[in-house]
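To start, the structure itself, in structure tokens.
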Amino acid sequence: MQGSGEQFPPGDGAEEPRESRAPHRVVGTPQSARARTLLEAPPQEDRRPERWLPAEPSNLDQAKRAERLVAALFILSMLASIGFVAAYVGLEVHSVVATQRSNLALGVSMSVAFGALAVGVVIWVRYLMPKVELTEERKPLASSPKDRAEFDKDFTEGAEASGFVKRPLLRRTLIAASVPLAVAPLVILRDLGPLPGTSLRHTVWRKGLRLLVFGPNTPLRPADFAIPGQMITVVPDGYQDNLDALAKAATIIIKFGPGQLRPPTVMNWTVDGIVAYSKICTHVGCPVALYEQTTHNILCPCHQSTFDATRGAKVIFGPAARPLPQLPLGTDAEGFLVATSDYHEPVGPSFWERG
Amino acid sequence: MTKSKTTEALEDTGRFLDDRLRAARAVRSALRKLYPDHWTFLLGEIALYSFVILLLTGTFLTFFFQPSMSEVIYHGIYTPLRGVRMSEAYASTLNISFDVRGGLLMRQIHHWAALLFMAAIFVHMLRIFFTGAYRKPRELNWLIGIVLFTLGLVEGLFGYSLPDDLLSGTGLKITQGVLETIPIVGTYASFFLFGGEYPGNLIIPRLYVIHVLLIPALLLGLISAHLFFMYHQKHTQMPSKGRTERNVVGAPAYPYFAAKTSAFFLFIFAVLALMSTFAQINPIWLYGPYNPLAITAGSQPDFYLGPLEGALRIMPAWEWNVFGHTFAFNVFIPALVPLGIIFTGAALWPFLEQWITGDRREHHVNDRPRNAATRTAIGMAAVTFWGVLWLEGANDVIADQLQIPLFTLTWIARFAVILGPIIAYWVTKRICLGLQRKDAHLLEHGVETGIIRQLPSGEYVELTKPVDEDKRAVLEYGRVGAPQLTGPPTDADEVPAPGTRGPLGRMRTRLDRVITEGIPIEADGHGNGHGDGHGDGNGHGNGHGSPAAVTAGEQEGARPAEPSGTDGEDAAH
């Protein structure tokens, strides 16, 4: 590998091992004609500089040390990879703790395998490869005027040969054919979903439907919910597992003491100071899940729209523009809380057709 | 030396391939291609390699993930959720996390890599912007980059929506709520995307195919184009001695760049693996399955969507109901306008700058940010705008941590989002001009040595020594400013250039003066940017009316890194 490269040796077949050949040829390139001739090498000045890159780094001692370090890192990487396989095979996952252990072993061995290799290669580049800084000219990016002219000529000739320019009938009918072709793929997307219709204006609440406490799914009497300041989430009876229905019908009820509720709360829709509001925020539809007893504020944790529960859930801060709709409440023959109708306005975020 | 078996084998392979492909010439030129070096060039590589890691880990995850909203009862090893009804998507994600060996690691690497991908693109774009690397001929790659970033936002959002846990479901609900408010088409878009009313049972499979097929294919195609353009146009280079607009200085691809970049890929993989081992991300088992009635406080999207979230939070509650229709300004303005301004502005900027300055030359040497004071200031204004919205996206957490009332914080943000960018613009510009002034001083007066000498006349002077050549090359590059097509239009002797006529032309002239504002370097050491004399000084440099100004500019552009920049300035006088 230390071939001087001063000149091409005369006569060389590919099979004939010669000392100074290997470094000069890029692997994969065919042998030059010269390499196969028996003639003397041509004069010196005809050839490009022999070496483009120096063969050795400037500091050989440092390189020697670096070589050992790099080799050590590669071995470390190898061991880590073996460790990764061992951890995969050896550490079963049958409990959360075992999963943690497996994750730790796999992760650490993987990091070391990649990391040691990466550091090794970087040290290799920095200390074992000779430092070079080469300069080459940039060619202008624009093509030469000659190339452009030739391109123009060929393009025009092609266009003429195709007849695209001089046969307007073909051109126009081709365009006429491609327009509906482009529309067709859009049309077949129509069945991605049903049209909205009026579905956003309604929920599953209707007259006589019981309020079930979310979670235990039990009906509720006003007397069971008698402590002012409480807030709970309720769902319509029969829909407790229907996520599509609940996404709109989720409701909160809050108990107030006498005289706490004020307009624009609709008093006829409350029962014993219990008021029901939609749980779906009128901003972008997160569940309004936070309630502050002292201020009677309902807060949406997503974007902090804040509603005053004593005043018909009107907006007192944040980006929501409308109060939470109020659900008309009543009691049925058995004394359980029921809705007396659906919400009187669409719940949840605004939409174009809402009006 | 005898040829080794390996060499022979390589040669045989090479010959085999070349006999069939005639690739020696092309491959050789690829091997010899020079790559300039600078640490900021690694930012794009981080994004690229994160993407590769995303593809690898993502493929692994698809083997186990079930994109289905069918309800199942969980029976896996995570006891707190045993017996709970959940979607198959969520159950299979739990399964990946607990029952598949290496599954949790792959999931966490995938998520961390997604964050790194977006963060790297973000910083990479800032680097490109602040150094002017988007300038001709690289505008197309800048545009591709913006599209890549936008696609990345959507890809990330859809990706973290897939597990169908409580947090991701909340994000999806917000997405749907925002979609619904878009005028005219919103409701239809929502119904078509979700296959009916929210949540339905189609959204996860649909997001899945978009997330694993559609967007990755687009990303792959655009990244390939991005790399091809970069390869063809070659890297830019940072200003330094010996580097000009007409050359490339660096080390060849083979072996240097190839080895370094491979090592870098491994290094990124190692860092992501390490983070994923020790830093838990998106622990979906703690959130529980999605339920539209439930939510947790402190729900935040991944960081790159923070500005959208923040914009939703600070928007005042404006809504109109007219002619039977609802204009929910409180939702669709924050959803569309802030990012719209940033992305549209970024896409138009290179062309706007070209039009204003009339600079249509190729640029391959990067600007130092200080030397393009106005551009840097605009960039910092945009960063501030983004940053305020981003912080406001976590306003509940910040309010809690800093014990500031939430509403107060939101009001601060409402003002800061307007005033912050203005202040950032002004401050950045003053800092840039100050740094320019410092550089000009160094070039004009040299470095202070601290040696005091008494002259024969009795006068004391401090000796200065000229800036050394390497530093001079850096300091001088790009100092004379972009060429002014317009020249000084008020000069009575001159005929105004065609580009300066009419109201549009006058506006252009004014903008040009703002954009090219800078401190000129004057070799005679006088009149160096006293007070606000900068715009004027710049005009002097090229003060020959427009055609001459262009020529002068082009000459400078032709050999900007030569240490004769000061002389060139002299000649212009």
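Just remember, in the structure tokens the first chain shown is A, the second B, etc., residues are 1-based per chain, and ligands are 1-based in the order shown.
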
Write out as an mmCIF file with C-alpha atoms, in the first residue's frame the residues lying within 9 Å of Gly330 of chain A, counting only C-alpha atoms and excluding same-chain residues fewer than 3 positions away.
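The file below, part_6.cif, is the result:
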```
data_model
loop_
_atom_site.group_PDB
_atom_site.id
_atom_site.type_symbol
_atom_site.label_atom_id
_atom_site.label_comp_id
_atom_site.auth_asym_id
_atom_site.auth_seq_id
_atom_site.Cartn_x
_atom_site.Cartn_y
_atom_site.Cartn_z
ATOM 1 C CA GLY A 208 -88.373 11.559 30.181
ATOM 2 C CA ASN A 268 -87.991 26.395 34.967
ATOM 3 C CA TRP A 269 -85.313 23.984 33.745
ATOM 4 C CA THR A 270 -83.806 23.468 37.187
ATOM 5 C CA VAL A 271 -84.931 21.125 39.955
ATOM 6 C CA GLY A 335 -88.693 10.928 41.551
ATOM 7 C CA PHE A 336 -85.552 10.447 39.458
ATOM 8 C CA LEU A 337 -83.994 13.328 37.558
ATOM 9 C CA VAL A 338 -84.936 13.304 33.876
ATOM 10 C CA ALA A 339 -84.582 15.571 30.903
ATOM 11 C CA THR A 340 -87.792 17.246 29.865
#
```

Which of segment 129-250 of chain A counts as alpha helix (DSSP H) under DSSP, as a PDB file with N, CA and C atoms, in the first residue's frame please?
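To be explicit, this is the file written out as selection_17.pdb:
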```pdb
ATOM      1  N   PRO A 145     -25.739  28.955 -23.149  1.00  0.00           N
ATOM      2  CA  PRO A 145     -26.708  29.389 -24.169  1.00  0.00           C
ATOM      3  C   PRO A 145     -26.824  28.375 -25.298  1.00  0.00           C
ATOM      4  N   LYS A 146     -25.713  27.747 -25.605  1.00  0.00           N
ATOM      5  CA  LYS A 146     -25.733  26.753 -26.687  1.00  0.00           C
ATOM      6  C   LYS A 146     -26.646  25.580 -26.302  1.00  0.00           C
ATOM      7  N   ASP A 147     -26.463  25.080 -25.080  1.00  0.00           N
ATOM      8  CA  ASP A 147     -27.294  23.962 -24.646  1.00  0.00           C
ATOM      9  C   ASP A 147     -28.770  24.346 -24.640  1.00  0.00           C
ATOM     10  N   ARG A 148     -29.006  25.563 -24.181  1.00  0.00           N
ATOM     11  CA  ARG A 148     -30.396  26.010 -24.122  1.00  0.00           C
ATOM     12  C   ARG A 148     -30.996  26.087 -25.522  1.00  0.00           C
ATOM     13  N   ALA A 149     -30.217  26.633 -26.434  1.00  0.00           N
ATOM     14  CA  ALA A 149     -30.717  26.775 -27.798  1.00  0.00           C
ATOM     15  C   ALA A 149     -31.002  25.402 -28.386  1.00  0.00           C
ATOM     16  N   GLU A 150     -30.104  24.470 -28.115  1.00  0.00           N
ATOM     17  CA  GLU A 150     -30.308  23.128 -28.664  1.00  0.00           C
ATOM     18  C   GLU A 150     -31.548  22.469 -28.047  1.00  0.00           C
ATOM     19  N   PHE A 151     -31.700  22.706 -26.755  1.00  0.00           N
ATOM     20  CA  PHE A 151     -32.886  22.160 -26.095  1.00  0.00           C
ATOM     21  C   PHE A 151     -34.156  22.739 -26.712  1.00  0.00           C
ATOM     22  N   ASP A 152     -34.140  24.080 -26.878  1.00  0.00           N
ATOM     23  CA  ASP A 152     -35.302  24.742 -27.476  1.00  0.00           C
ATOM     24  C   ASP A 152     -35.627  24.131 -28.825  1.00  0.00           C
ATOM     25  N   LYS A 153     -34.580  23.940 -29.599  1.00  0.00           N
ATOM     26  CA  LYS A 153     -34.759  23.423 -30.952  1.00  0.00           C
ATOM     27  C   LYS A 153     -35.396  22.022 -30.880  1.00  0.00           C
ATOM     28  N   ASP A 154     -34.804  21.160 -30.074  1.00  0.00           N
ATOM     29  CA  ASP A 154     -35.328  19.795 -29.979  1.00  0.00           C
ATOM     30  C   ASP A 154     -36.758  19.777 -29.461  1.00  0.00           C
ATOM     31  N   PHE A 155     -36.991  20.629 -28.470  1.00  0.00           N
ATOM     32  CA  PHE A 155     -38.328  20.640 -27.884  1.00  0.00           C
ATOM     33  C   PHE A 155     -39.351  21.087 -28.927  1.00  0.00           C
ATOM     34  N   THR A 156     -38.998  22.156 -29.654  1.00  0.00           N
ATOM     35  CA  THR A 156     -39.917  22.666 -30.660  1.00  0.00           C
ATOM     36  C   THR A 156     -40.142  21.622 -31.739  1.00  0.00           C
ATOM     37  N   GLU A 157     -39.054  21.001 -32.175  1.00  0.00           N
ATOM     38  CA  GLU A 157     -39.199  19.994 -33.223  1.00  0.00           C
ATOM     39  C   GLU A 157     -40.085  18.848 -32.747  1.00  0.00           C
ATOM     40  N   GLY A 158     -39.884  18.462 -31.477  1.00  0.00           N
ATOM     41  CA  GLY A 158     -40.712  17.378 -30.932  1.00  0.00           C
ATOM     42  C   GLY A 158     -42.178  17.772 -30.918  1.00  0.00           C
ATOM     43  N   ALA A 159     -42.406  19.014 -30.488  1.00  0.00           N
ATOM     44  CA  ALA A 159     -43.787  19.487 -30.422  1.00  0.00           C
ATOM     45  C   ALA A 159     -44.400  19.513 -31.818  1.00  0.00           C
ATOM     46  N   GLU A 160     -43.579  19.924 -32.782  1.00  0.00           N
ATOM     47  CA  GLU A 160     -44.090  19.971 -34.150  1.00  0.00           C
ATOM     48  C   GLU A 160     -44.359  18.564 -34.667  1.00  0.00           C
ATOM     49  N   ALA A 161     -43.398  17.668 -34.416  1.00  0.00           N
ATOM     50  CA  ALA A 161     -43.557  16.302 -34.904  1.00  0.00           C
ATOM     51  C   ALA A 161     -44.800  15.644 -34.310  1.00  0.00           C
ATOM     52  N   SER A 162     -45.092  15.987 -33.029  1.00  0.00           N
ATOM     53  CA  SER A 162     -46.258  15.378 -32.389  1.00  0.00           C
ATOM     54  C   SER A 162     -47.555  15.906 -32.986  1.00  0.00           C
ATOM     55  N   PRO A 168     -55.253  21.610 -33.710  1.00  0.00           N
ATOM     56  CA  PRO A 168     -56.007  22.119 -32.559  1.00  0.00           C
ATOM     57  C   PRO A 168     -57.148  21.189 -32.149  1.00  0.00           C
ATOM     58  N   LEU A 169     -57.677  20.444 -33.097  1.00  0.00           N
ATOM     59  CA  LEU A 169     -58.790  19.555 -32.762  1.00  0.00           C
ATOM     60  C   LEU A 169     -58.333  18.530 -31.726  1.00  0.00           C
ATOM     61  N   LEU A 170     -57.173  17.926 -31.989  1.00  0.00           N
ATOM     62  CA  LEU A 170     -56.642  16.942 -31.051  1.00  0.00           C
ATOM     63  C   LEU A 170     -56.342  17.584 -29.708  1.00  0.00           C
ATOM     64  N   ARG A 171     -55.721  18.761 -29.771  1.00  0.00           N
ATOM     65  CA  ARG A 171     -55.320  19.428 -28.540  1.00  0.00           C
ATOM     66  C   ARG A 171     -56.539  19.725 -27.676  1.00  0.00           C
ATOM     67  N   ARG A 172     -57.561  20.280 -28.323  1.00  0.00           N
ATOM     68  CA  ARG A 172     -58.735  20.685 -27.541  1.00  0.00           C
ATOM     69  C   ARG A 172     -59.505  19.482 -27.029  1.00  0.00           C
ATOM     70  N   THR A 173     -59.617  18.452 -27.840  1.00  0.00           N
ATOM     71  CA  THR A 173     -60.355  17.288 -27.352  1.00  0.00           C
ATOM     72  C   THR A 173     -59.584  16.583 -26.242  1.00  0.00           C
ATOM     73  N   LEU A 174     -58.236  16.637 -26.319  1.00  0.00           N
ATOM     74  CA  LEU A 174     -57.444  16.024 -25.241  1.00  0.00           C
ATOM     75  C   LEU A 174     -57.688  16.752 -23.921  1.00  0.00           C
ATOM     76  N   ILE A 175     -57.689  18.088 -24.011  1.00  0.00           N
ATOM     77  CA  ILE A 175     -57.954  18.869 -22.793  1.00  0.00           C
ATOM     78  C   ILE A 175     -59.371  18.596 -22.300  1.00  0.00           C
ATOM     79  N   ALA A 176     -60.297  18.536 -23.253  1.00  0.00           N
ATOM     80  CA  ALA A 176     -61.694  18.266 -22.880  1.00  0.00           C
ATOM     81  C   ALA A 176     -61.815  16.905 -22.201  1.00  0.00           C
ATOM     82  N   ALA A 177     -61.002  15.964 -22.630  1.00  0.00           N
ATOM     83  CA  ALA A 177     -61.074  14.629 -22.029  1.00  0.00           C
ATOM     84  C   ALA A 177     -60.470  14.599 -20.638  1.00  0.00           C
ATOM     85  N   SER A 178     -59.438  15.436 -20.414  1.00  0.00           N
ATOM     86  CA  SER A 178     -58.729  15.314 -19.144  1.00  0.00           C
ATOM     87  C   SER A 178     -59.429  16.039 -17.998  1.00  0.00           C
ATOM     88  N   VAL A 179     -60.267  17.027 -18.313  1.00  0.00           N
ATOM     89  CA  VAL A 179     -60.913  17.768 -17.228  1.00  0.00           C
ATOM     90  C   VAL A 179     -61.856  16.868 -16.415  1.00  0.00           C
ATOM     91  N   PRO A 180     -62.819  16.183 -17.064  1.00  0.00           N
ATOM     92  CA  PRO A 180     -63.675  15.295 -16.250  1.00  0.00           C
ATOM     93  C   PRO A 180     -62.894  14.166 -15.604  1.00  0.00           C
ATOM     94  N   LEU A 181     -61.804  13.775 -16.240  1.00  0.00           N
ATOM     95  CA  LEU A 181     -60.982  12.716 -15.661  1.00  0.00           C
ATOM     96  C   LEU A 181     -60.407  13.158 -14.317  1.00  0.00           C
ATOM     97  N   ALA A 182     -60.098  14.455 -14.211  1.00  0.00           N
ATOM     98  CA  ALA A 182     -59.544  14.966 -12.968  1.00  0.00           C
ATOM     99  C   ALA A 182     -60.616  15.104 -11.900  1.00  0.00           C
ATOM    100  N   VAL A 183     -61.855  15.300 -12.323  1.00  0.00           N
ATOM    101  CA  VAL A 183     -62.938  15.471 -11.354  1.00  0.00           C
ATOM    102  C   VAL A 183     -63.355  14.123 -10.762  1.00  0.00           C
ATOM    103  N   ALA A 184     -63.255  13.084 -11.579  1.00  0.00           N
ATOM    104  CA  ALA A 184     -63.748  11.774 -11.152  1.00  0.00           C
ATOM    105  C   ALA A 184     -63.197  11.308  -9.799  1.00  0.00           C
ATOM    106  N   PRO A 185     -61.888  11.421  -9.578  1.00  0.00           N
ATOM    107  CA  PRO A 185     -61.374  10.950  -8.285  1.00  0.00           C
ATOM    108  C   PRO A 185     -61.955  11.714  -7.099  1.00  0.00           C
ATOM    109  N   LEU A 186     -62.321  12.980  -7.335  1.00  0.00           N
ATOM    110  CA  LEU A 186     -62.916  13.748  -6.241  1.00  0.00           C
ATOM    111  C   LEU A 186     -64.319  13.244  -5.958  1.00  0.00           C
ATOM    112  N   VAL A 187     -65.030  12.885  -7.011  1.00  0.00           N
ATOM    113  CA  VAL A 187     -66.414  12.450  -6.844  1.00  0.00           C
ATOM    114  C   VAL A 187     -66.477  11.168  -6.024  1.00  0.00           C
ATOM    115  N   LEU A 243     -70.286   5.863  22.590  1.00  0.00           N
ATOM    116  CA  LEU A 243     -69.382   7.015  22.570  1.00  0.00           C
ATOM    117  C   LEU A 243     -69.857   8.086  21.586  1.00  0.00           C
ATOM    118  N   ASP A 244     -70.451   7.648  20.478  1.00  0.00           N
ATOM    119  CA  ASP A 244     -70.926   8.642  19.506  1.00  0.00           C
ATOM    120  C   ASP A 244     -72.017   9.519  20.114  1.00  0.00           C
ATOM    121  N   ALA A 245     -72.929   8.874  20.871  1.00  0.00           N
ATOM    122  CA  ALA A 245     -74.006   9.639  21.497  1.00  0.00           C
ATOM    123  C   ALA A 245     -73.446  10.523  22.613  1.00  0.00           C
ATOM    124  N   LEU A 246     -72.528   9.944  23.400  1.00  0.00           N
ATOM    125  CA  LEU A 246     -72.001  10.687  24.547  1.00  0.00           C
ATOM    126  C   LEU A 246     -71.161  11.889  24.109  1.00  0.00           C
ATOM    127  N   ALA A 247     -70.541  11.786  22.941  1.00  0.00           N
ATOM    128  CA  ALA A 247     -69.696  12.891  22.480  1.00  0.00           C
ATOM    129  C   ALA A 247     -70.485  14.188  22.384  1.00  0.00           C
ATOM    130  N   LYS A 248     -71.806  14.079  22.214  1.00  0.00           N
ATOM    131  CA  LYS A 248     -72.617  15.299  22.204  1.00  0.00           C
ATOM    132  C   LYS A 248     -73.485  15.434  23.455  1.00  0.00           C
ATOM    133  N   ALA A 249     -73.889  14.282  24.027  1.00  0.00           N
ATOM    134  CA  ALA A 249     -74.906  14.327  25.085  1.00  0.00           C
ATOM    135  C   ALA A 249     -74.326  14.466  26.482  1.00  0.00           C
TER     136      ALA A 249
END
```

Point to revise | Nearest-residue call for Pro130 of chain A, choices A:Trp52, A:Ile280, A:Met110, A:Ala98, using only C-alpha atoms | key: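 That would be A:Trp52, the residue with the smallest distance to Pro130 of chain A.
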
**Study point:** segment 79-236 of chain A: residues DSSP assigns to strand (DSSP E), reported as a count of residues only
**Key:** 13

Check your understanding: Residues at most 7 Å from Ile356 of chain B, counting only C-alpha atoms, excluding those fewer than 5 positions away in the same chain, as a ChimeraX atom specification?
Key -> /B:508,511-512

Test item: residues at most 8 Å from Met106 of chain B, only C-alpha atoms, excluding those fewer than 4 positions along its chain, as a PDB file with N, CA and C atoms, in the first residue's frame:
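Result file out_7.pdb:
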```
ATOM      1  N   THR B  57     -38.373   2.282  12.809  1.00  0.00           N
ATOM      2  CA  THR B  57     -39.137   1.936  14.009  1.00  0.00           C
ATOM      3  C   THR B  57     -40.631   1.865  13.688  1.00  0.00           C
ATOM      4  N   PHE B  60     -41.559  -1.445  12.305  1.00  0.00           N
ATOM      5  CA  PHE B  60     -41.666  -2.421  13.398  1.00  0.00           C
ATOM      6  C   PHE B  60     -43.021  -2.296  14.085  1.00  0.00           C
ATOM      7  N   LEU B  61     -43.427  -1.060  14.382  1.00  0.00           N
ATOM      8  CA  LEU B  61     -44.686  -0.860  15.116  1.00  0.00           C
ATOM      9  C   LEU B  61     -45.890  -1.353  14.319  1.00  0.00           C
ATOM     10  N   GLY B 102     -38.955  -5.349  23.369  1.00  0.00           N
ATOM     11  CA  GLY B 102     -38.416  -4.259  22.557  1.00  0.00           C
ATOM     12  C   GLY B 102     -39.498  -3.325  22.035  1.00  0.00           C
ATOM     13  N   HIS B 110     -39.568   5.847  18.374  1.00  0.00           N
ATOM     14  CA  HIS B 110     -40.387   6.427  17.308  1.00  0.00           C
ATOM     15  C   HIS B 110     -40.884   7.814  17.719  1.00  0.00           C
TER      16      HIS B 110
END
```

Exercise for review: Go through A:Ser109, A:Ala142, A:Val125, A:Val234 one by one, measure the shortest atom-to-atom distance of each to Gln233 of chain B using only C-alpha atoms, and give the residue with the smallest value.
Suggested key: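 For Gln233 of chain B, the nearest of the candidates is A:Ala142.
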
Practice item. Extract, using only C-alpha atoms, all DNA, RNA and protein residues at most 8 Å from Ala80 of chain A, discarding same-chain residues fewer than 3 positions from it, and format them as a list of chain:residue names. Key: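 The residues that qualify are A:Leu76, A:Ser77, A:Gly83, A:Phe84, A:Ser109, A:Met110, A:Val112, A:Ala113.
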
Review point. For the atom pair atom CA of Leu324 of chain A and atom CA of Phe307 of chain A, what is the interatomic distance in Å to one decimal place?
Key: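 It comes out at 7.6 Å.
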
**Study point:** Residue neighbourhood Ile398 of chain B, 12 Å, only C-alpha atoms, exclusion window fewer than 3 positions, as a list of chain:residue names
**Key:**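 Everything that qualifies: B:Gly298, B:Trp390, B:Leu391, B:Glu392, B:Gly393, B:Ala394, B:Asn395, B:Gln401, B:Leu402, B:Gln403, B:Ile404, B:Pro405, B:Leu406, B:Phe407, B:Thr408, B:Leu409, B:Thr410, B:Ala413.
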
Practice item. Extract, using only C-alpha atoms, all DNA, RNA and protein residues at most 12 Å from Leu53 of chain A, discarding same-chain residues fewer than 6 positions from it, and format them as an NGL selection string. Key: (:A and (23-24 or 129-134)) or (:B and (32 or 251-256))

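Note that atom CA of Thr233 of chain A and atom CA of Ile254 of chain A are 9.0 Å apart.
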
Practice item. Counting only C-alpha atoms, figure out which residue out of B:Val248, B:Ala347, B:Val388, B:Leu81 gets nearest to chain A. Key: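 Nearest candidate to chain A out of B:Val248, B:Ala347, B:Val388, B:Leu81: B:Val248.
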
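Nearest residue to chain A, choosing from B:Thr500, B:Gln354, B:Thr277, B:Thr384 and counting only C-alpha atoms: B:Thr277.
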
**Study point:** Nearest residue to Ala321 of chain A from the set B:Thr428, B:Thr40, B:Gln436, B:Asn321 (distances using only C-alpha atoms)
**Key:** B:Asn321

Revision key, fill the gap. What separates atom CA of Leu266 of chain B and atom CA of Phe65 of chain B is a distance of 26.5 Å

**Study point:** A:Gly193, A:Gly120, A:Pro319, A:Pro54 ranked by distance to Met315 of chain B, top pick (using only C-alpha atoms)
**Key:** A:Pro319
